[in-house]
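Report on the structure given below.
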Amino acid sequence: MPVGNWIYDAQVALARLFSATFRYALISLLEIASSEEGVNAAELARRHQVSVAYLSNVLSELKRLGLIKSQKGRRGGYQLMKPPGEIDLLRLHQGLAGSPPLLTGSSTNPALLWLDGLELRWQQQLASTTLLEVQAQVAAAGQP
């Protein structure tokens with residue numbers, strides 16, 4: 001395999017680790033989990049300087065995954081469907097990106113084999129991390 005091909009494949013794989021959709025989904029879940037009332041999409045978009053249309057798509061994906069629900073009305077907004085301790089980040093990532101591996105795992109190229117191992121450790125870390133744990137770390141760091 002020419003060097004350029006596997007470097008490109010690795011760059012694509014690494015970019016998927018931290019997609020904007022995953023980041024905004026996690027931010028949205030943290031905000032919703034921290035609120036006792038429903039969270040308004042427009043207010044959430046304004047706070048995080050992202051378009052309402054884009055954030056609405058992210059929130060729709062979270063609804064599709066059964067992680068949040070929306071309630072209309074004056075006291076409406078988005079709320080969690082599950083306790084934060086039952087939402088692990090690997091399921092969130094796979095639900096948003098699909099479950100195929102980031103790399104094929106069939107390569108004999110040493111660099112890709114190393115990245116396969118890195119991906120496995122990353123997936124194990126995500127699987128063992130819940131929204132509740134992230135929420136606690138964010139609170140400890142003094143973030144809103």
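Letters for chains follow the order of the structure tokens (A, B, ...), residue numbers begin at 1 for each chain, and ligand numbers begin at 1 in the order shown.
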For Asp88 (chain A), work out the shell of residues within 10 Å, counting only C-alpha atoms and skipping chain neighbours fewer than 4 positions away, then give it as a short mmCIF file (atom, residue, chain, number, x, y, z; two decimals) with N, CA and C atoms, in the first residue's frame.
```
data_model
loop_
_atom_site.label_atom_id
_atom_site.label_comp_id
_atom_site.auth_asym_id
_atom_site.auth_seq_id
_atom_site.Cartn_x
_atom_site.Cartn_y
_atom_site.Cartn_z
N PRO A 84 -28.26 9.91 33.38
CA PRO A 84 -26.92 10.12 32.82
C PRO A 84 -25.96 8.95 33.04
N LEU A 92 -23.23 6.35 22.25
CA LEU A 92 -23.52 7.65 21.64
C LEU A 92 -22.75 7.78 20.33
N HIS A 93 -21.46 7.53 20.37
CA HIS A 93 -20.63 7.66 19.17
C HIS A 93 -21.11 6.72 18.07
N GLN A 125 -12.34 2.99 26.34
CA GLN A 125 -12.47 4.17 27.20
C GLN A 125 -13.87 4.77 27.07
N LEU A 126 -14.36 4.89 25.84
CA LEU A 126 -15.70 5.44 25.63
C LEU A 126 -16.77 4.55 26.25
N ALA A 127 -16.62 3.24 26.11
CA ALA A 127 -17.60 2.30 26.65
C ALA A 127 -17.67 2.37 28.16
N SER A 128 -16.55 2.69 28.79
CA SER A 128 -16.52 2.72 30.26
C SER A 128 -16.77 4.12 30.82
N THR A 129 -17.10 5.07 29.97
CA THR A 129 -17.35 6.45 30.42
C THR A 129 -18.82 6.79 30.19
N THR A 130 -19.49 7.21 31.25
CA THR A 130 -20.90 7.59 31.14
C THR A 130 -21.04 9.11 31.13
N LEU A 131 -22.20 9.54 30.71
CA LEU A 131 -22.51 10.97 30.73
C LEU A 131 -22.40 11.52 32.15
N LEU A 132 -22.79 10.73 33.14
CA LEU A 132 -22.69 11.15 34.53
C LEU A 132 -21.25 11.45 34.92
N GLU A 133 -20.32 10.61 34.47
CA GLU A 133 -18.90 10.83 34.78
C GLU A 133 -18.38 12.08 34.09
N VAL A 134 -18.77 12.30 32.85
CA VAL A 134 -18.35 13.51 32.14
C VAL A 134 -18.93 14.73 32.83
#
```
Item to check | Gly98 (chain A) environment, 12 Å, only C-alpha atoms, sequence neighbours closer than 6 positions dropped, as a ChimeraX atom specification | outcome: /A:16,22,61,65,90-92
I want to know what sits within 12 Å of Arg75 (chain A), based on only C-alpha atoms, with residues of the same chain fewer than 2 positions away left out; could you give that as a PDB file with N, CA and C atoms, in the first residue's frame?
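Written out: around.pdb:
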```
ATOM      1  N   GLU A  36     -32.934  21.222  35.277  1.00  0.00           N
ATOM      2  CA  GLU A  36     -34.102  20.592  35.895  1.00  0.00           C
ATOM      3  C   GLU A  36     -35.344  20.782  35.037  1.00  0.00           C
ATOM      4  N   GLU A  37     -35.300  21.757  34.152  1.00  0.00           N
ATOM      5  CA  GLU A  37     -36.405  22.008  33.232  1.00  0.00           C
ATOM      6  C   GLU A  37     -35.954  21.635  31.828  1.00  0.00           C
ATOM      7  N   GLY A  38     -36.870  21.665  30.895  1.00  0.00           N
ATOM      8  CA  GLY A  38     -36.512  21.385  29.509  1.00  0.00           C
ATOM      9  C   GLY A  38     -35.560  22.432  28.960  1.00  0.00           C
ATOM     10  N   VAL A  39     -34.691  22.015  28.067  1.00  0.00           N
ATOM     11  CA  VAL A  39     -33.709  22.904  27.453  1.00  0.00           C
ATOM     12  C   VAL A  39     -34.208  23.298  26.069  1.00  0.00           C
ATOM     13  N   ASN A  40     -34.219  24.589  25.804  1.00  0.00           N
ATOM     14  CA  ASN A  40     -34.679  25.147  24.545  1.00  0.00           C
ATOM     15  C   ASN A  40     -33.557  25.076  23.507  1.00  0.00           C
ATOM     16  N   SER A  70     -38.677  15.582  23.583  1.00  0.00           N
ATOM     17  CA  SER A  70     -39.020  17.001  23.571  1.00  0.00           C
ATOM     18  C   SER A  70     -40.455  17.166  24.027  1.00  0.00           C
ATOM     19  N   GLN A  71     -40.666  18.274  24.707  1.00  0.00           N
ATOM     20  CA  GLN A  71     -42.005  18.595  25.190  1.00  0.00           C
ATOM     21  C   GLN A  71     -42.331  20.002  24.725  1.00  0.00           C
ATOM     22  N   LYS A  72     -43.486  20.158  24.112  1.00  0.00           N
ATOM     23  CA  LYS A  72     -43.899  21.473  23.633  1.00  0.00           C
ATOM     24  C   LYS A  72     -44.527  22.269  24.770  1.00  0.00           C
ATOM     25  N   GLY A  73     -44.602  23.555  24.553  1.00  0.00           N
ATOM     26  CA  GLY A  73     -45.266  24.407  25.528  1.00  0.00           C
ATOM     27  C   GLY A  73     -44.314  25.342  26.241  1.00  0.00           C
ATOM     28  N   GLY A  77     -39.274  21.836  26.160  1.00  0.00           N
ATOM     29  CA  GLY A  77     -37.867  21.763  25.811  1.00  0.00           C
ATOM     30  C   GLY A  77     -37.419  20.313  25.785  1.00  0.00           C
ATOM     31  N   TYR A  78     -36.124  20.126  25.713  1.00  0.00           N
ATOM     32  CA  TYR A  78     -35.562  18.779  25.644  1.00  0.00           C
ATOM     33  C   TYR A  78     -35.196  18.276  27.029  1.00  0.00           C
ATOM     34  N   GLN A  79     -35.468  16.985  27.257  1.00  0.00           N
ATOM     35  CA  GLN A  79     -35.148  16.323  28.525  1.00  0.00           C
ATOM     36  C   GLN A  79     -34.540  14.956  28.229  1.00  0.00           C
TER      37      GLN A  79
END
```
Item to check | Atomic separation - CA of Leu62 (chain A) relative to CA of Ile32 (chain A), Å | outcome: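 Computing the Euclidean distance for CA of Ile32 (chain A) and CA of Leu62 (chain A) yields 11.4 Å.
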